[in-house]
$ cat entry-v4.txt   # compact mmCIF, C-alpha atoms
# COMPACT_ATOMS: atom_id res chain seq x y z
CA MET A 1 103.84 96.57 135.59
CA THR A 2 107.08 94.57 135.72
CA HIS A 3 108.23 92.41 132.83
CA ASP A 4 110.56 89.48 132.49
CA PHE A 5 112.65 90.74 129.59
CA GLU A 6 114.98 87.73 129.76
CA LYS A 7 112.02 85.44 129.16
CA LEU A 8 110.73 87.67 126.36
CA THR A 9 114.22 87.70 124.78
CA GLN A 10 114.39 83.90 124.73
CA TYR A 11 110.81 83.68 123.50
CA ALA A 12 111.52 86.08 120.63
CA LYS A 13 114.73 84.25 119.74
CA SER A 14 112.97 80.89 119.65
CA PHE A 15 110.37 82.27 117.25
CA THR A 16 112.69 84.19 114.96
CA GLY A 17 115.67 81.83 114.92
CA LEU A 18 118.05 84.60 115.92
CA THR A 19 121.08 82.54 116.89
CA GLU A 20 124.46 83.57 118.28
CA GLU A 21 125.93 82.73 114.86
CA TYR A 22 123.52 85.17 113.19
CA GLU A 23 124.28 87.87 115.76
CA LEU A 24 128.02 87.53 115.06
CA LEU A 25 127.39 87.56 111.32
CA LEU A 26 125.37 90.80 111.58
CA LYS A 27 128.28 92.45 113.43
CA GLU A 28 130.73 91.08 110.87
CA VAL A 29 128.87 92.53 107.86
CA GLY A 30 127.90 95.71 109.71
CA PRO A 31 130.82 97.84 108.40
CA GLU A 32 129.74 97.08 104.81
CA ILE A 33 126.03 97.60 105.35
CA ILE A 34 125.91 100.55 107.78
CA PRO A 35 127.11 103.20 105.27
CA ASN A 36 124.02 102.40 103.15
CA LEU A 37 121.43 102.57 105.91
CA LYS A 38 120.77 106.31 105.68
CA SER A 39 119.44 105.83 102.17
CA VAL A 40 117.44 102.77 103.29
CA THR A 41 115.78 105.03 105.87
CA GLU A 42 115.14 107.77 103.33
CA ASN A 43 113.53 105.32 100.93
CA PHE A 44 111.49 103.83 103.75
CA TYR A 45 110.05 107.21 104.73
CA ALA A 46 109.52 108.14 101.11
CA GLN A 47 107.35 105.03 100.77
CA LEU A 48 105.50 105.74 104.00
CA SER A 49 104.68 109.23 102.81
CA LEU A 50 102.93 107.70 99.78
CA ILE A 51 100.52 105.77 102.01
CA PRO A 52 97.59 108.04 102.94
CA GLU A 53 97.07 106.30 106.31
CA THR A 54 100.67 106.80 107.44
CA LYS A 55 101.23 110.26 106.03
CA SER A 56 99.53 112.14 108.87
CA TYR A 57 101.82 110.54 111.45
CA LEU A 58 104.90 111.84 109.67
CA GLU A 59 104.04 115.47 109.02
CA GLY A 60 106.45 117.91 110.63
CA ARG A 61 108.61 115.24 112.25
CA ILE A 62 110.16 113.33 109.39
CA GLU A 63 113.73 114.46 110.09
CA SER A 64 113.72 113.45 113.73
CA LEU A 65 112.00 110.15 112.89
CA GLN A 66 114.57 109.42 110.18
CA ALA A 67 117.45 110.07 112.57
CA MET A 68 116.00 107.68 115.16
CA HIS A 69 115.21 105.11 112.49
CA THR A 70 118.74 105.13 111.06
CA GLN A 71 120.14 104.78 114.56
CA TRP A 72 117.92 101.74 115.15
CA LEU A 73 118.86 100.20 111.81
CA GLU A 74 122.57 100.62 112.58
CA GLY A 75 121.91 98.97 115.93
CA LEU A 76 120.81 95.80 114.14
CA PHE A 77 124.45 95.42 113.05
CA THR A 78 126.17 96.58 116.24
CA ASN A 79 123.94 95.71 119.22
CA ASP A 80 123.74 92.57 121.28
CA PHE A 81 120.22 91.15 121.14
CA ASP A 82 120.03 90.90 124.89
CA THR A 83 117.53 91.93 127.55
CA GLY A 84 118.59 95.58 127.16
CA TYR A 85 117.71 95.52 123.47
CA THR A 86 114.45 93.70 124.16
CA GLU A 87 113.51 96.30 126.77
CA SER A 88 114.32 99.18 124.42
CA MET A 89 112.16 97.69 121.65
CA TYR A 90 109.41 97.06 124.16
CA ARG A 91 109.53 100.78 125.08
CA VAL A 92 109.36 101.71 121.39
CA GLY A 93 106.16 99.68 121.17
CA ASP A 94 104.86 101.59 124.20
CA VAL A 95 105.53 104.91 122.50
CA HIS A 96 103.74 103.71 119.39
CA VAL A 97 100.67 102.90 121.48
CA LYS A 98 100.77 106.31 123.15
CA VAL A 99 100.70 108.10 119.79
CA HIS A 100 97.86 105.76 118.73
CA LEU A 101 99.81 104.25 115.86
CA PRO A 102 97.73 101.47 114.28
CA VAL A 103 99.23 98.06 115.05
CA GLU A 104 99.61 97.09 111.39
CA PHE A 105 102.04 99.98 110.85
CA MET A 106 104.74 98.02 112.66
CA SER A 107 104.51 94.81 110.64
CA GLY A 108 103.89 96.81 107.47
CA GLY A 109 106.88 99.01 108.24
CA MET A 110 109.12 96.05 108.95
CA THR A 111 108.13 94.53 105.61
CA LEU A 112 109.07 97.76 103.83
CA ILE A 113 112.42 97.78 105.62
CA ASN A 114 113.16 94.19 104.66
CA ASN A 115 112.17 95.03 101.09
CA GLN A 116 114.88 97.71 101.15
CA LEU A 117 117.52 95.57 102.84
CA ILE A 118 117.17 92.54 100.57
CA PRO A 119 118.46 94.23 97.38
CA LEU A 120 121.15 95.99 99.40
CA VAL A 121 122.47 92.69 100.79
CA VAL A 122 122.20 90.94 97.44
CA GLY A 123 124.11 93.80 95.84
CA LEU A 124 126.89 93.56 98.41
CA PHE A 125 127.24 89.79 98.72
CA HIS A 126 125.97 88.32 95.44
CA SER A 127 129.36 86.84 94.67
CA ASP A 128 129.08 84.54 97.72
CA SER A 129 125.60 83.05 97.57
CA GLU A 130 125.99 81.07 100.79
CA LYS A 131 127.01 84.15 102.76
CA CYS A 132 124.33 86.22 101.05
CA THR A 133 121.65 83.75 102.12
CA LYS A 134 122.95 83.68 105.68
CA VAL A 135 123.05 87.47 105.93
CA LEU A 136 119.49 87.72 104.61
CA SER A 137 118.33 85.11 107.12
CA ALA A 138 120.15 86.90 109.95
CA ILE A 139 118.56 90.24 109.03
CA ASN A 140 115.15 88.64 108.76
CA ALA A 141 115.65 87.11 112.22
CA ALA A 142 116.81 90.43 113.70
CA THR A 143 113.94 92.46 112.27
CA GLY A 144 111.52 89.71 113.26
CA PHE A 145 112.93 89.78 116.78
CA SER A 146 112.45 93.55 116.93
CA LEU A 147 108.90 93.31 115.61
CA LEU A 148 107.90 90.56 118.02
CA THR A 149 109.19 92.42 121.08
CA MET A 150 107.58 95.68 119.97
CA GLN A 151 104.26 93.98 119.35
CA GLN A 152 104.37 92.28 122.72
CA SER A 153 104.39 95.66 124.39
CA TYR A 154 101.81 96.95 121.95
CA GLN A 155 99.45 94.16 122.84
CA GLU A 156 99.87 94.67 126.59
CA ALA A 157 99.67 98.45 126.37
CA SER A 158 96.58 98.24 124.19
CA ILE A 159 94.89 95.96 126.71
CA ALA A 160 95.90 98.29 129.56
CA GLU A 161 94.51 101.26 127.66
CA GLU A 162 91.23 99.46 127.00
CA LEU A 163 91.02 98.46 130.65
CA GLU A 164 91.53 102.07 131.75
CA LYS A 165 88.70 103.08 129.47
CA PHE A 166 86.46 100.30 130.78
CA LEU A 167 87.14 101.29 134.40
CA LYS A 168 86.38 104.91 133.63
CA ILE A 169 83.11 104.03 131.88
CA SER A 170 81.95 101.44 134.43
CA GLY A 171 82.99 103.51 137.45
CA MET A 172 84.86 100.51 138.86
CA SER A 173 88.01 101.13 140.85
CA LYS A 174 91.17 99.22 140.00
CA VAL A 175 90.95 97.48 143.37
CA LEU A 176 87.40 96.32 142.65
CA PHE A 177 88.44 95.08 139.21
CA SER A 178 91.38 93.18 140.75
CA ASN A 179 89.09 91.64 143.36
CA LEU A 180 86.63 90.65 140.65
CA ALA A 181 89.40 89.09 138.57
CA ALA A 182 90.81 87.29 141.63
CA ALA A 183 87.37 85.86 142.42
CA TYR A 184 87.28 84.26 138.96
CA LYS A 185 90.92 83.24 138.58
CA ASP A 186 90.19 79.50 138.71
CA MET B 1 82.54 92.38 166.70
CA ARG B 2 81.21 94.67 163.99
CA SER B 3 81.12 91.71 161.65
CA ASP B 4 78.93 89.86 164.16
CA MET B 5 76.58 92.82 164.35
CA LEU B 6 76.39 93.00 160.57
CA THR B 7 75.70 89.26 160.42
CA ALA B 8 72.93 89.74 162.97
CA ILE B 9 71.31 92.38 160.74
CA LEU B 10 71.54 90.01 157.76
CA ASN B 11 70.07 87.10 159.71
CA GLU B 12 67.22 89.32 160.80
CA LEU B 13 66.70 90.45 157.21
CA ASN B 14 66.70 86.85 155.94
CA GLY B 15 64.19 86.00 158.67
CA THR B 16 61.73 88.74 157.73
CA SER B 17 60.66 86.91 154.60
CA ALA B 18 60.81 83.33 153.44
CA ASP B 19 61.38 84.79 149.97
CA ILE B 20 64.88 85.99 150.90
CA GLU B 21 67.37 83.19 150.33
CA ALA B 22 70.66 84.91 151.07
CA SER B 23 72.23 88.28 151.77
CA GLY B 24 75.63 89.89 152.17
CA VAL B 25 77.31 93.16 153.08
CA ILE B 26 80.16 93.98 150.78
CA SER B 27 82.72 96.78 150.66
CA THR B 28 82.61 98.98 147.56
CA ASP B 29 85.93 97.30 146.65
CA GLY B 30 84.06 94.02 146.37
CA LEU B 31 85.21 92.32 149.58
CA MET B 32 82.69 90.53 151.76
CA MET B 33 82.22 92.14 155.19
CA ALA B 34 79.47 89.85 156.49
CA SER B 35 77.23 87.30 154.88
CA ALA B 36 74.34 84.92 155.34
CA LEU B 37 74.83 82.82 152.21
CA PRO B 38 74.20 79.17 151.40
CA ALA B 39 77.32 77.03 151.85
CA ASP B 40 77.64 76.31 148.12
CA MET B 41 77.85 79.98 147.21
CA ASP B 42 81.30 81.53 146.67
CA GLU B 43 81.61 84.60 148.94
CA ASP B 44 84.38 86.19 146.86
CA ARG B 45 82.35 85.98 143.67
CA VAL B 46 79.14 87.22 145.24
CA GLY B 47 81.07 90.12 146.77
CA ALA B 48 83.04 91.20 143.73
CA MET B 49 80.14 90.75 141.32
CA SER B 50 77.73 92.71 143.54
CA ALA B 51 80.08 95.66 143.94
CA ALA B 52 80.83 95.65 140.22
CA MET B 53 77.14 95.60 139.30
CA LEU B 54 76.33 98.40 141.71
CA SER B 55 79.21 100.46 140.36
CA LEU B 56 77.94 99.96 136.83
CA GLY B 57 74.42 100.82 138.00
CA ASP B 58 75.71 104.06 139.52
CA ARG B 59 77.34 105.02 136.24
CA THR B 60 74.30 104.02 134.19
CA ALA B 61 71.94 106.09 136.35
CA GLN B 62 74.33 109.00 136.07
CA GLU B 63 74.89 108.69 132.30
CA LEU B 64 71.20 108.30 131.53
CA ALA B 65 70.21 111.15 133.86
CA ARG B 66 68.19 108.99 136.30
CA GLY B 67 69.49 110.71 139.43
CA GLY B 68 71.23 109.01 142.34
CA LEU B 69 71.15 105.23 142.22
CA GLU B 70 68.73 103.59 144.66
CA GLN B 71 69.02 99.95 143.71
CA VAL B 72 70.02 97.47 141.02
CA LEU B 73 67.56 94.64 140.46
CA ILE B 74 68.35 91.59 138.36
CA LYS B 75 65.62 89.09 137.53
CA GLY B 76 66.59 85.60 136.49
CA SER B 77 64.43 82.54 135.83
CA THR B 78 65.18 81.19 139.31
CA GLY B 79 65.07 84.39 141.30
CA TYR B 80 66.12 87.96 141.94
CA VAL B 81 69.34 89.70 142.90
CA LEU B 82 68.83 93.05 144.59
CA MET B 83 71.74 95.36 145.30
CA THR B 84 71.68 98.66 147.09
CA HIS B 85 74.12 101.00 148.77
CA ALA B 86 74.45 100.72 152.53
CA GLY B 87 76.11 104.05 153.18
CA ASP B 88 78.97 105.31 151.02
CA GLU B 89 81.29 102.41 151.64
CA ALA B 90 79.17 99.27 151.49
CA VAL B 91 76.79 97.34 149.29
CA LEU B 92 73.89 95.21 150.52
CA THR B 93 73.07 92.29 148.24
CA VAL B 94 69.98 90.15 148.63
CA LEU B 95 69.05 87.00 146.71
CA ALA B 96 65.32 86.28 146.56
CA LYS B 97 63.01 83.60 145.18
CA PRO B 98 61.36 84.06 141.75
CA ASN B 99 57.88 84.57 143.19
CA ALA B 100 59.05 86.96 145.92
CA LYS B 101 56.86 89.90 146.91
CA LEU B 102 59.21 92.64 145.89
CA GLY B 103 57.41 95.50 147.65
CA LEU B 104 58.02 93.92 151.04
CA ILE B 105 61.57 93.00 150.19
CA PHE B 106 62.36 96.54 149.05
CA LEU B 107 61.07 97.84 152.38
CA ASP B 108 63.04 95.34 154.47
CA VAL B 109 66.18 95.89 152.45
CA LYS B 110 65.85 99.67 152.84
CA ARG B 111 65.61 99.28 156.63
CA ALA B 112 68.53 96.86 156.75
CA SER B 113 70.74 99.08 154.60
CA ALA B 114 70.00 102.04 156.90
CA SER B 115 71.04 99.96 159.94
CA ILE B 116 74.20 98.76 158.17
CA SER B 117 75.04 102.31 157.13
CA GLU B 118 74.78 103.50 160.76
CA MET B 119 76.98 100.68 161.96
CA ILE B 120 79.71 101.18 159.37

$ encode --input "entry-v4.txt" --output "structure tokens"
Amino acid sequence: MTHDFEKLTQYAKSFTGLTEEYELLLKEVGPEIIPNLKSVTENFYAQLSLIPETKSYLEGRIESLQAMHTQWLEGLFTNDFDTGYTESMYRVGDVHVKVHLPVEFMSGGMTLINNQLIPLVVGLFHSDSEKCTKVLSAINAATGFSLLTMQQSYQEASIAEELEKFLKISGMSKVLFSNLAAAYKD
Amino acid sequence: MRSDMLTAILNELNGTSADIEASGVISTDGLMMASALPADMDEDRVGAMSAAMLSLGDRTAQELARGGLEQVLIKGSTGYVLMTHAGDEAVLTVLAKPNAKLGLIFLDVKRASASISEMI
């Protein structure tokens, strides 16, 4: 399946309000925030390990997951939010589907991350309330952008997975299913 | 040429009983190979739906240990839809009136599907 990542990028930006100004601001404050992100990740996984439903997905792989997570968090303050980033987040969503991660883990996880980042930003920029507000809004837009693009893939991959299952159960070939769908496209 | 011969078999089938209103030969991928359908009936939909139903019937017979599928029969308030394999690569679908004598139709359809199977 081919995807129009440029279209998805613009769609995600229009929903999350991730503007060029916010992208520049994230890069500007990155050097102050990045040194703290390892502990944000550690706290995030500590919280996940307290949730019975998420615990089983973490066992035996917490270190590698933490490394990837920190790298992604740092990327929020260094990357361009372009089609390349959108595609990479889309692939992350794909991986989540393949390991059968429940869909709510992504929005729940993003909430936990924002909960960690808010006090960090307030601590760093409290003396300049205008800047502090802008940084918080920019982070919210960036994490929202990431969530939306991941979920887009999740939704499509979930549908594809269900379709595979349906075809297997019904005995229908993909060609027959396509012909059936084409016959009812109007 | 083959399509004409298939159409001839369908016309003959439709002519065997006034209860048969329409018929079609469809590939197992759901594409119409030959048909004798009323003008207001969408060939693509009849084709795809018939192949899909027969495929589901195959799986149902298999899952519920009913042996190899012989036919799928659907009864609606205004008539019947009968689907059967015509060889390994085709489906024969027949639409019949609600008061149709099914025994005769089954027999005619069986003969027609054997002829279609030989031709394909």

$ atom_distance --input "entry-v4.txt" --atom1 "atom CA of Glu23 of chain A" --atom2 "atom CA of Thr78 of chain A"
8.9 Å

$ atom_distance --input "entry-v4.txt" --atom1 "atom CA of Lys97 of chain B" --atom2 "atom CA of Asp19 of chain B"
5.2 Å

$ residues_around --input "entry-v4.txt" --residues "Ala8 of chain B" --least-positions-apart "6" --cutoff "12 Å" --atoms "only C-alpha atoms" --output "list in words"
Met1, Arg2, Asn14, Gly15, Ser23, Gly24, Val25, Ala34, Ser35, Ala36, Ala112, Ser115, Ile116 and Met119 of chain B

$ write_last_selection --input "entry-v4.txt" --atoms "C-alpha atoms" --output "short mmCIF file (atom, residue, chain, number, x, y, z; two decimals), keeping the file's coordinate frame"
data_model
loop_
_atom_site.label_atom_id
_atom_site.label_comp_id
_atom_site.auth_asym_id
_atom_site.auth_seq_id
_atom_site.Cartn_x
_atom_site.Cartn_y
_atom_site.Cartn_z
CA MET B 1 82.54 92.38 166.70
CA ARG B 2 81.21 94.67 163.99
CA ASN B 14 66.70 86.85 155.94
CA GLY B 15 64.19 86.00 158.67
CA SER B 23 72.23 88.28 151.77
CA GLY B 24 75.63 89.89 152.17
CA VAL B 25 77.31 93.16 153.08
CA ALA B 34 79.47 89.85 156.49
CA SER B 35 77.23 87.30 154.88
CA ALA B 36 74.34 84.92 155.34
CA ALA B 112 68.53 96.86 156.75
CA SER B 115 71.04 99.96 159.94
CA ILE B 116 74.20 98.76 158.17
CA MET B 119 76.98 100.68 161.96
#

$ interface_residues --input "entry-v4.txt" --of "chain A" --to "chain B" --cutoff "8 Å" --atoms "all atoms listed in the file" --output "PyMOL selection string"
chain A and resi 169-173+175-177+179-180+183-184

$ axis_aligned_box --input "entry-v4.txt" --around "segment 111-123 of chain A" --padding-each-side "3 Å" --output "JSON"
{"center_x": 116.1, "center_y": 94.4, "center_z": 100.7, "size_x": 22.0, "size_y": 12.8, "size_z": 15.8}

$ atom_distance --input "entry-v4.txt" --atom1 "atom CA of Phe166 of chain A" --atom2 "atom CA of Lys185 of chain A"
19.3 Å

$ closest_residue --input "entry-v4.txt" --among "A:Leu120, A:Leu37, A:Val103, A:Phe125" --to "Met68 of chain A" --atoms "only C-alpha atoms"
A:Leu37

$ closest_residue --input "entry-v4.txt" --among "B:Val94, B:Met32, B:Ala65, B:Leu37" --to "Gly79 of chain B" --atoms "all atoms listed in the file"
B:Val94

$ decode --input "entry-v4.txt" --residues "chain B" --atoms "C-alpha atoms" --output "compact mmCIF listing (two decimals), in the first residue's frame"
# COMPACT_ATOMS: atom_id res chain seq x y z
CA MET B 1 -16.62 -17.74 -29.11
CA ARG B 2 -16.53 -19.58 -25.79
CA SER B 3 -18.59 -16.79 -24.30
CA ASP B 4 -21.23 -17.37 -27.01
CA MET B 5 -21.29 -21.07 -26.21
CA LEU B 6 -21.66 -20.35 -22.51
CA THR B 7 -24.48 -17.90 -23.27
CA ALA B 8 -26.16 -20.60 -25.35
CA ILE B 9 -26.04 -22.99 -22.38
CA LEU B 10 -27.56 -20.30 -20.15
CA ASN B 11 -30.30 -19.50 -22.65
CA GLU B 12 -31.13 -23.17 -22.87
CA LEU B 13 -31.18 -23.41 -19.08
CA ASN B 14 -33.47 -20.37 -18.78
CA GLY B 15 -35.72 -21.95 -21.41
CA THR B 16 -36.09 -25.26 -19.57
CA SER B 17 -38.33 -23.72 -16.95
CA ALA B 18 -40.47 -20.63 -16.76
CA ASP B 19 -39.46 -20.49 -13.10
CA ILE B 20 -35.88 -19.52 -14.00
CA GLU B 21 -35.64 -15.76 -14.40
CA ALA B 22 -31.93 -15.26 -14.95
CA SER B 23 -28.59 -17.03 -14.90
CA GLY B 24 -24.89 -16.29 -15.17
CA VAL B 25 -21.51 -17.98 -15.34
CA ILE B 26 -18.96 -16.28 -13.17
CA SER B 27 -15.25 -16.81 -12.57
CA THR B 28 -14.28 -17.73 -9.00
CA ASP B 29 -12.75 -14.23 -8.86
CA GLY B 30 -16.24 -12.81 -9.27
CA LEU B 31 -16.06 -11.67 -12.90
CA MET B 32 -18.95 -12.40 -15.24
CA MET B 33 -18.05 -14.79 -18.08
CA ALA B 34 -21.49 -15.06 -19.67
CA SER B 35 -24.95 -14.07 -18.58
CA ALA B 36 -28.64 -14.14 -19.39
CA LEU B 37 -29.79 -11.46 -16.96
CA PRO B 38 -32.57 -8.88 -17.07
CA ALA B 39 -31.35 -5.49 -18.33
CA ASP B 40 -31.87 -3.80 -14.96
CA MET B 41 -29.56 -6.20 -13.16
CA ASP B 42 -25.94 -5.15 -12.54
CA GLU B 43 -23.64 -7.86 -13.95
CA ASP B 44 -20.68 -6.84 -11.79
CA ARG B 45 -22.69 -7.08 -8.60
CA VAL B 46 -24.34 -10.37 -9.50
CA GLY B 47 -20.93 -11.78 -10.40
CA ALA B 48 -18.99 -10.62 -7.37
CA MET B 49 -21.77 -11.41 -4.91
CA SER B 50 -22.30 -14.92 -6.33
CA ALA B 51 -18.62 -15.83 -6.16
CA ALA B 52 -18.36 -14.40 -2.65
CA MET B 53 -21.39 -16.36 -1.45
CA LEU B 54 -20.13 -19.59 -2.97
CA SER B 55 -16.72 -19.05 -1.40
CA LEU B 56 -18.35 -18.52 1.99
CA GLY B 57 -20.51 -21.60 1.39
CA ASP B 58 -17.39 -23.65 0.66
CA ARG B 59 -15.82 -22.55 3.91
CA THR B 60 -19.01 -23.10 5.90
CA ALA B 61 -19.44 -26.65 4.57
CA GLN B 62 -15.81 -27.33 5.38
CA GLU B 63 -15.89 -25.78 8.87
CA LEU B 64 -19.11 -27.52 9.84
CA ALA B 65 -17.97 -30.86 8.42
CA ARG B 66 -20.65 -31.08 5.69
CA GLY B 67 -18.31 -32.40 3.01
CA GLY B 68 -17.69 -30.82 -0.38
CA LEU B 69 -20.06 -27.99 -1.24
CA GLU B 70 -22.75 -28.85 -3.79
CA GLN B 71 -24.80 -25.68 -3.84
CA VAL B 72 -25.75 -22.52 -1.99
CA LEU B 73 -29.46 -21.73 -1.95
CA ILE B 74 -30.86 -18.40 -0.80
CA LYS B 75 -34.60 -17.96 -0.40
CA GLY B 76 -36.04 -14.47 -0.39
CA SER B 77 -39.65 -13.30 -0.35
CA THR B 78 -39.58 -12.73 -4.12
CA GLY B 79 -37.54 -15.72 -5.19
CA TYR B 80 -34.50 -17.95 -4.98
CA VAL B 81 -30.82 -17.56 -5.74
CA LEU B 82 -29.05 -20.83 -6.45
CA MET B 83 -25.28 -20.99 -6.79
CA THR B 84 -23.18 -23.97 -7.66
CA HIS B 85 -19.67 -24.70 -8.89
CA ALA B 86 -19.25 -25.26 -12.61
CA GLY B 87 -15.86 -26.93 -12.52
CA ASP B 88 -13.03 -25.60 -10.38
CA GLU B 89 -12.90 -22.17 -11.92
CA ALA B 90 -16.48 -21.04 -12.40
CA VAL B 91 -19.73 -20.46 -10.57
CA LEU B 92 -23.20 -20.93 -12.05
CA THR B 93 -25.82 -18.63 -10.54
CA VAL B 94 -29.52 -18.98 -11.19
CA LEU B 95 -32.34 -16.68 -10.08
CA ALA B 96 -35.74 -18.35 -9.79
CA LYS B 97 -39.31 -17.37 -8.94
CA PRO B 98 -40.64 -17.83 -5.38
CA ASN B 99 -42.97 -20.69 -6.33
CA ALA B 100 -40.35 -22.49 -8.44
CA LYS B 101 -40.22 -26.28 -8.44
CA LEU B 102 -36.80 -26.66 -6.95
CA GLY B 103 -36.33 -30.36 -7.75
CA LEU B 104 -36.50 -29.69 -11.48
CA ILE B 105 -34.33 -26.62 -11.21
CA PHE B 106 -31.66 -28.52 -9.27
CA LEU B 107 -31.60 -31.14 -12.02
CA ASP B 108 -31.36 -28.60 -14.85
CA VAL B 109 -28.72 -26.60 -13.05
CA LYS B 110 -26.67 -29.74 -12.42
CA ARG B 111 -26.75 -30.58 -16.14
CA ALA B 112 -25.89 -27.02 -17.14
CA SER B 113 -23.00 -26.80 -14.69
CA ALA B 114 -21.58 -30.07 -16.08
CA SER B 115 -21.75 -28.66 -19.63
CA ILE B 116 -20.13 -25.40 -18.52
CA SER B 117 -17.41 -27.29 -16.68
CA GLU B 118 -16.58 -29.28 -19.84
CA MET B 119 -16.43 -26.13 -21.91
CA ILE B 120 -14.20 -24.19 -19.54
